[in-house]
Amino acid sequence: RASITHASLSQNPSYEALSYCWGDAGITREIVVNSHPMQVTANLEAALKQLAEAESHSRLWVDALCINQADIKGRGEQILRMRDIYAKDQQVVV
C-alpha cells in the first residue's frame with residue numbers, strides 16, 4: 001500500500017525520484033494508493049514491491065503516480081518541471 005501526499009519543491013522536501021522503464025503499457029498490475037486501486041505497468045509494480053521490501057525508501061516521486069496522466073495540460077506542465085524534480089531529490093533510484 002502506498003499513499004500520495006502533496007509537497008512543494010520550494011519547501012525542499014526530502015524524497016527520492018524513481019527512474020524506471022515503463023515496459024509494455026498493456027501489461028498492468030493493480031496497486032493500492034490512498035486506499036484506491038490503481039493500474040500501473042508491471043515494471044512499476046515490480047519496482048515498487050522491491051523497494052518496499054528493502055524498506056530503505058520512505059518517500060518516492062514516481063512520474064506515473066505523481067503526474068495525472070489523463071490531464072494533458074497538467075501533464076505537460078509537470079514534464080517541464082521534471083528537471084527540477086530530479087535535481088532536488090536526495091538520489092535517483094534506478
# chains A, B, ... in the order shown; residues from 1 in each chain; ligands from 1
>>> residues_around(residues="Asp89 of chain A", least_positions_apart="6", cutoff="12 Å", atoms="only C-alpha atoms", output="MDAnalysis selection string")
chainID A and resid 9 12:19 59:62 82:83
>>> write_last_selection(atoms="C-alpha atoms", output="CSV table (one decimal), in the first residue's frame")
chain,number,residue,atom,x,y,z
A,9,LEU,CA,9.6,21.9,-4.2
A,12,ASN,CA,12.8,21.4,-0.2
A,13,PRO,CA,11.0,18.1,0.8
A,14,SER,CA,13.1,15.0,1.3
A,15,TYR,CA,12.4,12.4,-1.4
A,16,GLU,CA,14.0,10.1,-3.9
A,17,ALA,CA,12.9,10.0,-7.6
A,18,LEU,CA,12.3,6.6,-9.2
A,19,SER,CA,13.6,6.2,-12.7
A,59,ARG,CA,9.3,9.0,0.1
A,60,LEU,CA,9.4,8.4,-3.6
A,61,TRP,CA,8.5,10.6,-6.6
A,62,VAL,CA,7.2,8.5,-9.4
A,82,MET,CA,10.9,17.2,-14.1
A,83,ARG,CA,14.4,18.7,-14.4
>>> closest_residue(among="A:Ala42, A:Val93, A:Leu51, A:Leu65", to="Arg29 of chain A", atoms="only C-alpha atoms")
A:Ala42
>>> closest_residue(among="A:Asn43, A:Gln91, A:Arg75, A:Ile85", to="Ser10 of chain A", atoms="only C-alpha atoms")
A:Ile85
>>> residues_around(residues="Val40 of chain A", least_positions_apart="4", cutoff="10 Å", atoms="only C-alpha atoms", output="list in words")
Trp22, Ala25, Gly26, Ile27, Thr28, Arg29, Glu30, Ile31, Leu44, Glu45, Ala46, Ala64 and Leu65 of chain A
>>> write_last_selection(atoms="all heavy atoms", output="short mmCIF file (atom, residue, chain, number, x, y, z; two decimals), in the first residue's frame")
data_model
loop_
_atom_site.label_atom_id
_atom_site.label_comp_id
_atom_site.auth_asym_id
_atom_site.auth_seq_id
_atom_site.Cartn_x
_atom_site.Cartn_y
_atom_site.Cartn_z
N TRP A 22 9.13 1.95 -18.23
CA TRP A 22 7.70 1.72 -18.09
C TRP A 22 7.30 0.33 -18.55
O TRP A 22 6.39 -0.26 -18.02
CB TRP A 22 6.92 2.75 -18.90
CG TRP A 22 6.86 4.10 -18.27
CD1 TRP A 22 7.79 4.67 -17.45
CD2 TRP A 22 5.83 5.05 -18.42
NE1 TRP A 22 7.40 5.91 -17.09
CE2 TRP A 22 6.19 6.18 -17.67
CE3 TRP A 22 4.64 5.05 -19.11
CZ2 TRP A 22 5.38 7.31 -17.59
CZ3 TRP A 22 3.85 6.18 -19.04
CH2 TRP A 22 4.22 7.29 -18.28
N ALA A 25 2.81 -1.06 -21.82
CA ALA A 25 1.66 -0.40 -21.19
C ALA A 25 0.44 -1.30 -21.14
O ALA A 25 -0.49 -1.06 -20.36
CB ALA A 25 1.34 0.90 -21.92
N GLY A 26 0.41 -2.33 -21.95
CA GLY A 26 -0.72 -3.26 -21.97
C GLY A 26 -0.67 -4.30 -20.87
O GLY A 26 -1.65 -5.00 -20.62
N ILE A 27 0.48 -4.42 -20.21
CA ILE A 27 0.61 -5.39 -19.12
C ILE A 27 0.60 -4.60 -17.81
O ILE A 27 1.58 -3.93 -17.47
CB ILE A 27 1.90 -6.22 -19.25
CG1 ILE A 27 1.92 -6.95 -20.59
CG2 ILE A 27 2.03 -7.20 -18.08
CD1 ILE A 27 3.23 -7.66 -20.88
N THR A 28 -0.53 -4.64 -17.12
CA THR A 28 -0.67 -3.84 -15.91
C THR A 28 -0.94 -4.71 -14.69
O THR A 28 -1.34 -5.87 -14.81
CB THR A 28 -1.81 -2.81 -16.05
OG1 THR A 28 -3.05 -3.50 -16.24
CG2 THR A 28 -1.56 -1.87 -17.22
N ARG A 29 -0.72 -4.11 -13.55
CA ARG A 29 -0.99 -4.73 -12.26
C ARG A 29 -1.72 -3.70 -11.41
O ARG A 29 -1.58 -2.50 -11.62
CB ARG A 29 0.30 -5.14 -11.54
CG ARG A 29 1.19 -6.08 -12.31
CD ARG A 29 0.61 -7.50 -12.32
NE ARG A 29 1.52 -8.43 -12.95
CZ ARG A 29 1.50 -8.77 -14.22
NH1 ARG A 29 0.60 -8.25 -15.03
NH2 ARG A 29 2.36 -9.64 -14.71
N GLU A 30 -2.46 -4.18 -10.45
CA GLU A 30 -3.18 -3.27 -9.56
C GLU A 30 -2.37 -3.03 -8.29
O GLU A 30 -1.86 -3.97 -7.69
CB GLU A 30 -4.54 -3.85 -9.20
CG GLU A 30 -5.38 -2.92 -8.34
CD GLU A 30 -6.77 -3.48 -8.09
OE1 GLU A 30 -7.61 -3.40 -9.00
OE2 GLU A 30 -6.98 -4.01 -6.97
N ILE A 31 -2.25 -1.76 -7.92
CA ILE A 31 -1.68 -1.40 -6.64
C ILE A 31 -2.73 -0.56 -5.91
O ILE A 31 -3.70 -0.10 -6.52
CB ILE A 31 -0.35 -0.62 -6.77
CG1 ILE A 31 -0.55 0.72 -7.47
CG2 ILE A 31 0.71 -1.47 -7.47
CD1 ILE A 31 0.68 1.63 -7.44
N LEU A 44 6.57 -1.11 -13.12
CA LEU A 44 6.47 -0.20 -11.97
C LEU A 44 6.05 -0.95 -10.73
O LEU A 44 6.61 -0.75 -9.65
CB LEU A 44 5.51 0.95 -12.27
CG LEU A 44 5.27 1.91 -11.10
CD1 LEU A 44 6.58 2.47 -10.55
CD2 LEU A 44 4.34 3.03 -11.53
N GLU A 45 5.08 -1.83 -10.86
CA GLU A 45 4.63 -2.61 -9.70
C GLU A 45 5.79 -3.42 -9.13
O GLU A 45 5.99 -3.47 -7.92
CB GLU A 45 3.47 -3.53 -10.10
CG GLU A 45 2.83 -4.24 -8.93
CD GLU A 45 3.03 -5.74 -8.97
OE1 GLU A 45 3.74 -6.24 -9.86
OE2 GLU A 45 2.48 -6.41 -8.09
N ALA A 46 6.58 -4.04 -9.99
CA ALA A 46 7.73 -4.83 -9.54
C ALA A 46 8.76 -3.95 -8.84
O ALA A 46 9.31 -4.32 -7.79
CB ALA A 46 8.36 -5.56 -10.72
N ALA A 64 4.62 8.31 -13.03
CA ALA A 64 3.35 7.65 -13.39
C ALA A 64 2.30 7.79 -12.29
O ALA A 64 1.11 7.71 -12.56
CB ALA A 64 3.59 6.17 -13.69
N LEU A 65 2.74 8.02 -11.06
CA LEU A 65 1.81 8.18 -9.95
C LEU A 65 1.59 9.65 -9.59
O LEU A 65 0.50 10.04 -9.21
CB LEU A 65 2.31 7.44 -8.71
CG LEU A 65 2.50 5.93 -8.87
CD1 LEU A 65 3.08 5.34 -7.59
CD2 LEU A 65 1.20 5.26 -9.23
#
>>> select_by_dssp(residues="chain A", states="strand (DSSP E or B)", output="short mmCIF file (atom, residue, chain, number, x, y, z; two decimals) with N, CA, C and O atoms, in the first residue's frame")
data_model
loop_
_atom_site.label_atom_id
_atom_site.label_comp_id
_atom_site.auth_asym_id
_atom_site.auth_seq_id
_atom_site.Cartn_x
_atom_site.Cartn_y
_atom_site.Cartn_z
N ALA A 2 0.39 2.21 -0.71
CA ALA A 2 1.14 3.46 -0.84
C ALA A 2 0.20 4.63 -0.58
O ALA A 2 -1.01 4.48 -0.59
N GLU A 16 13.14 10.71 -2.89
CA GLU A 16 13.96 10.09 -3.92
C GLU A 16 13.10 9.93 -5.16
O GLU A 16 11.91 9.65 -5.05
N ALA A 17 13.68 10.15 -6.31
CA ALA A 17 12.95 10.00 -7.57
C ALA A 17 13.22 8.61 -8.13
O ALA A 17 14.34 8.13 -8.13
N LEU A 18 12.16 7.97 -8.57
CA LEU A 18 12.29 6.63 -9.17
C LEU A 18 12.34 6.76 -10.67
O LEU A 18 11.42 7.29 -11.30
N THR A 28 -0.53 -4.64 -17.12
CA THR A 28 -0.67 -3.84 -15.91
C THR A 28 -0.94 -4.71 -14.69
O THR A 28 -1.34 -5.87 -14.81
N ARG A 29 -0.72 -4.11 -13.55
CA ARG A 29 -0.99 -4.73 -12.26
C ARG A 29 -1.72 -3.70 -11.41
O ARG A 29 -1.58 -2.50 -11.62
N GLU A 30 -2.46 -4.18 -10.45
CA GLU A 30 -3.18 -3.27 -9.56
C GLU A 30 -2.37 -3.03 -8.29
O GLU A 30 -1.86 -3.97 -7.69
N ILE A 31 -2.25 -1.76 -7.92
CA ILE A 31 -1.68 -1.40 -6.64
C ILE A 31 -2.73 -0.56 -5.91
O ILE A 31 -3.70 -0.10 -6.52
N VAL A 32 -2.55 -0.35 -4.64
CA VAL A 32 -3.48 0.45 -3.85
C VAL A 32 -2.75 1.71 -3.40
O VAL A 32 -1.71 1.64 -2.75
N VAL A 33 -3.31 2.86 -3.77
CA VAL A 33 -2.74 4.15 -3.42
C VAL A 33 -3.83 4.97 -2.73
O VAL A 33 -4.89 5.17 -3.29
N HIS A 36 -7.18 3.47 -2.75
CA HIS A 36 -7.86 3.35 -4.04
C HIS A 36 -7.05 2.45 -4.96
O HIS A 36 -5.84 2.64 -5.11
N PRO A 37 -7.70 1.50 -5.63
CA PRO A 37 -6.97 0.66 -6.59
C PRO A 37 -6.55 1.49 -7.80
O PRO A 37 -7.26 2.40 -8.22
N MET A 38 -5.38 1.17 -8.32
CA MET A 38 -4.83 1.91 -9.45
C MET A 38 -4.05 0.95 -10.32
O MET A 38 -3.33 0.10 -9.80
N GLN A 39 -4.19 1.07 -11.63
CA GLN A 39 -3.45 0.23 -12.56
C GLN A 39 -2.11 0.89 -12.91
O GLN A 39 -2.07 2.07 -13.22
N VAL A 40 -1.04 0.13 -12.82
CA VAL A 40 0.29 0.60 -13.20
C VAL A 40 0.93 -0.48 -14.06
O VAL A 40 0.49 -1.63 -14.07
N THR A 41 1.99 -0.14 -14.75
CA THR A 41 2.67 -1.16 -15.54
C THR A 41 3.27 -2.21 -14.62
O THR A 41 3.57 -1.96 -13.45
N LEU A 60 9.01 8.52 -2.22
CA LEU A 60 9.42 8.44 -3.62
C LEU A 60 8.59 9.38 -4.48
O LEU A 60 7.41 9.58 -4.21
N TRP A 61 9.20 9.92 -5.51
CA TRP A 61 8.47 10.62 -6.55
C TRP A 61 8.52 9.71 -7.77
O TRP A 61 9.59 9.33 -8.24
N VAL A 92 18.48 9.45 -7.14
CA VAL A 92 17.62 8.83 -8.14
C VAL A 92 17.78 7.32 -7.99
O VAL A 92 18.89 6.80 -7.98
N VAL A 93 16.67 6.62 -7.83
CA VAL A 93 16.66 5.18 -7.72
C VAL A 93 16.37 4.62 -9.10
O VAL A 93 15.36 4.96 -9.71
#
>>> select_by_dssp(residues="chain A", states="alpha helix (DSSP H)", output="MDAnalysis selection string")
chainID A and resid 42:54 63:66 72:88
>>> write_last_selection(atoms="N, CA and C atoms", output="CSV table (one decimal), in the first residue's frame")
chain,number,residue,atom,x,y,z
A,42,ALA,N,3.4,-3.4,-15.2
A,42,ALA,CA,4.0,-4.5,-14.4
A,42,ALA,C,5.4,-4.1,-13.9
A,43,ASN,N,6.2,-3.4,-14.7
A,43,ASN,CA,7.5,-3.0,-14.3
A,43,ASN,C,7.5,-2.1,-13.1
A,44,LEU,N,6.6,-1.1,-13.1
A,44,LEU,CA,6.5,-0.2,-12.0
A,44,LEU,C,6.1,-1.0,-10.7
A,45,GLU,N,5.1,-1.8,-10.9
A,45,GLU,CA,4.6,-2.6,-9.7
A,45,GLU,C,5.8,-3.4,-9.1
A,46,ALA,N,6.6,-4.0,-10.0
A,46,ALA,CA,7.7,-4.8,-9.5
A,46,ALA,C,8.8,-3.9,-8.8
A,47,ALA,N,9.0,-2.8,-9.4
A,47,ALA,CA,10.0,-1.9,-8.8
A,47,ALA,C,9.5,-1.4,-7.4
A,48,LEU,N,8.2,-1.1,-7.3
A,48,LEU,CA,7.7,-0.6,-6.0
A,48,LEU,C,7.7,-1.7,-5.0
A,49,LYS,N,7.4,-2.9,-5.4
A,49,LYS,CA,7.5,-4.1,-4.4
A,49,LYS,C,8.9,-4.3,-3.9
A,50,GLN,N,9.9,-4.2,-4.9
A,50,GLN,CA,11.3,-4.4,-4.5
A,50,GLN,C,11.7,-3.3,-3.5
A,51,LEU,N,11.3,-2.1,-3.8
A,51,LEU,CA,11.7,-1.0,-2.9
A,51,LEU,C,11.0,-1.1,-1.5
A,52,ALA,N,9.8,-1.6,-1.5
A,52,ALA,CA,9.1,-1.7,-0.3
A,52,ALA,C,9.7,-2.8,0.6
A,53,GLU,N,10.2,-3.9,-0.1
A,53,GLU,CA,10.8,-5.0,0.7
A,53,GLU,C,12.2,-4.5,1.3
A,54,ALA,N,12.8,-3.6,0.6
A,54,ALA,CA,14.1,-3.1,1.0
A,54,ALA,C,13.9,-2.1,2.2
A,63,ASP,N,6.8,9.5,-11.6
A,63,ASP,CA,6.0,10.2,-12.6
A,63,ASP,C,4.7,9.6,-12.9
A,64,ALA,N,4.6,8.3,-13.0
A,64,ALA,CA,3.3,7.7,-13.4
A,64,ALA,C,2.3,7.8,-12.3
A,65,LEU,N,2.7,8.0,-11.1
A,65,LEU,CA,1.8,8.2,-9.9
A,65,LEU,C,1.6,9.6,-9.6
A,66,CYS,N,2.6,10.4,-9.7
A,66,CYS,CA,2.6,11.8,-9.2
A,66,CYS,C,2.0,12.8,-10.3
A,72,ILE,N,-3.8,16.2,-19.9
A,72,ILE,CA,-2.8,16.6,-20.9
A,72,ILE,C,-2.1,17.9,-20.6
A,73,LYS,N,-2.9,18.9,-20.3
A,73,LYS,CA,-2.3,20.2,-19.9
A,73,LYS,C,-1.4,20.1,-18.7
A,74,GLY,N,-2.0,19.6,-17.6
A,74,GLY,CA,-1.3,19.4,-16.4
A,74,GLY,C,0.0,18.5,-16.5
A,75,ARG,N,-0.2,17.5,-17.3
A,75,ARG,CA,1.0,16.6,-17.6
A,75,ARG,C,2.1,17.3,-18.2
A,76,GLY,N,1.8,18.2,-19.2
A,76,GLY,CA,2.8,19.0,-19.9
A,76,GLY,C,3.5,19.9,-19.0
A,77,GLU,N,2.8,20.5,-18.1
A,77,GLU,CA,3.4,21.4,-17.1
A,77,GLU,C,4.3,20.7,-16.1
A,78,GLN,N,3.9,19.5,-15.7
A,78,GLN,CA,4.7,18.7,-14.8
A,78,GLN,C,6.0,18.2,-15.5
A,79,ILE,N,5.9,17.8,-16.8
A,79,ILE,CA,7.0,17.4,-17.5
A,79,ILE,C,8.1,18.5,-17.6
A,80,LEU,N,7.6,19.7,-17.8
A,80,LEU,CA,8.6,20.8,-17.8
A,80,LEU,C,9.3,21.0,-16.5
A,81,ARG,N,8.7,20.5,-15.4
A,81,ARG,CA,9.3,20.6,-14.0
A,81,ARG,C,10.2,19.4,-13.7
A,82,MET,N,10.2,18.4,-14.5
A,82,MET,CA,10.9,17.2,-14.1
A,82,MET,C,12.4,17.5,-13.9
A,83,ARG,N,13.0,18.4,-14.6
A,83,ARG,CA,14.4,18.7,-14.4
A,83,ARG,C,14.6,19.1,-13.0
A,84,ASP,N,13.7,20.0,-12.5
A,84,ASP,CA,13.8,20.5,-11.1
A,84,ASP,C,13.6,19.3,-10.1
A,85,ILE,N,12.6,18.5,-10.5
A,85,ILE,CA,12.2,17.4,-9.6
A,85,ILE,C,13.4,16.4,-9.4
A,86,TYR,N,14.1,16.1,-10.5
A,86,TYR,CA,15.2,15.2,-10.5
A,86,TYR,C,16.5,15.9,-9.9
A,87,ALA,N,16.6,17.2,-10.0
A,87,ALA,CA,17.7,17.9,-9.5
A,87,ALA,C,17.6,18.1,-8.0
A,88,LYS,N,16.4,18.1,-7.4
A,88,LYS,CA,16.3,18.4,-6.0
A,88,LYS,C,16.1,17.2,-5.1
>>> atom_distance(atom1="atom CA of Cys21 of chain A", atom2="atom CA of Arg1 of chain A")
21.2 Å
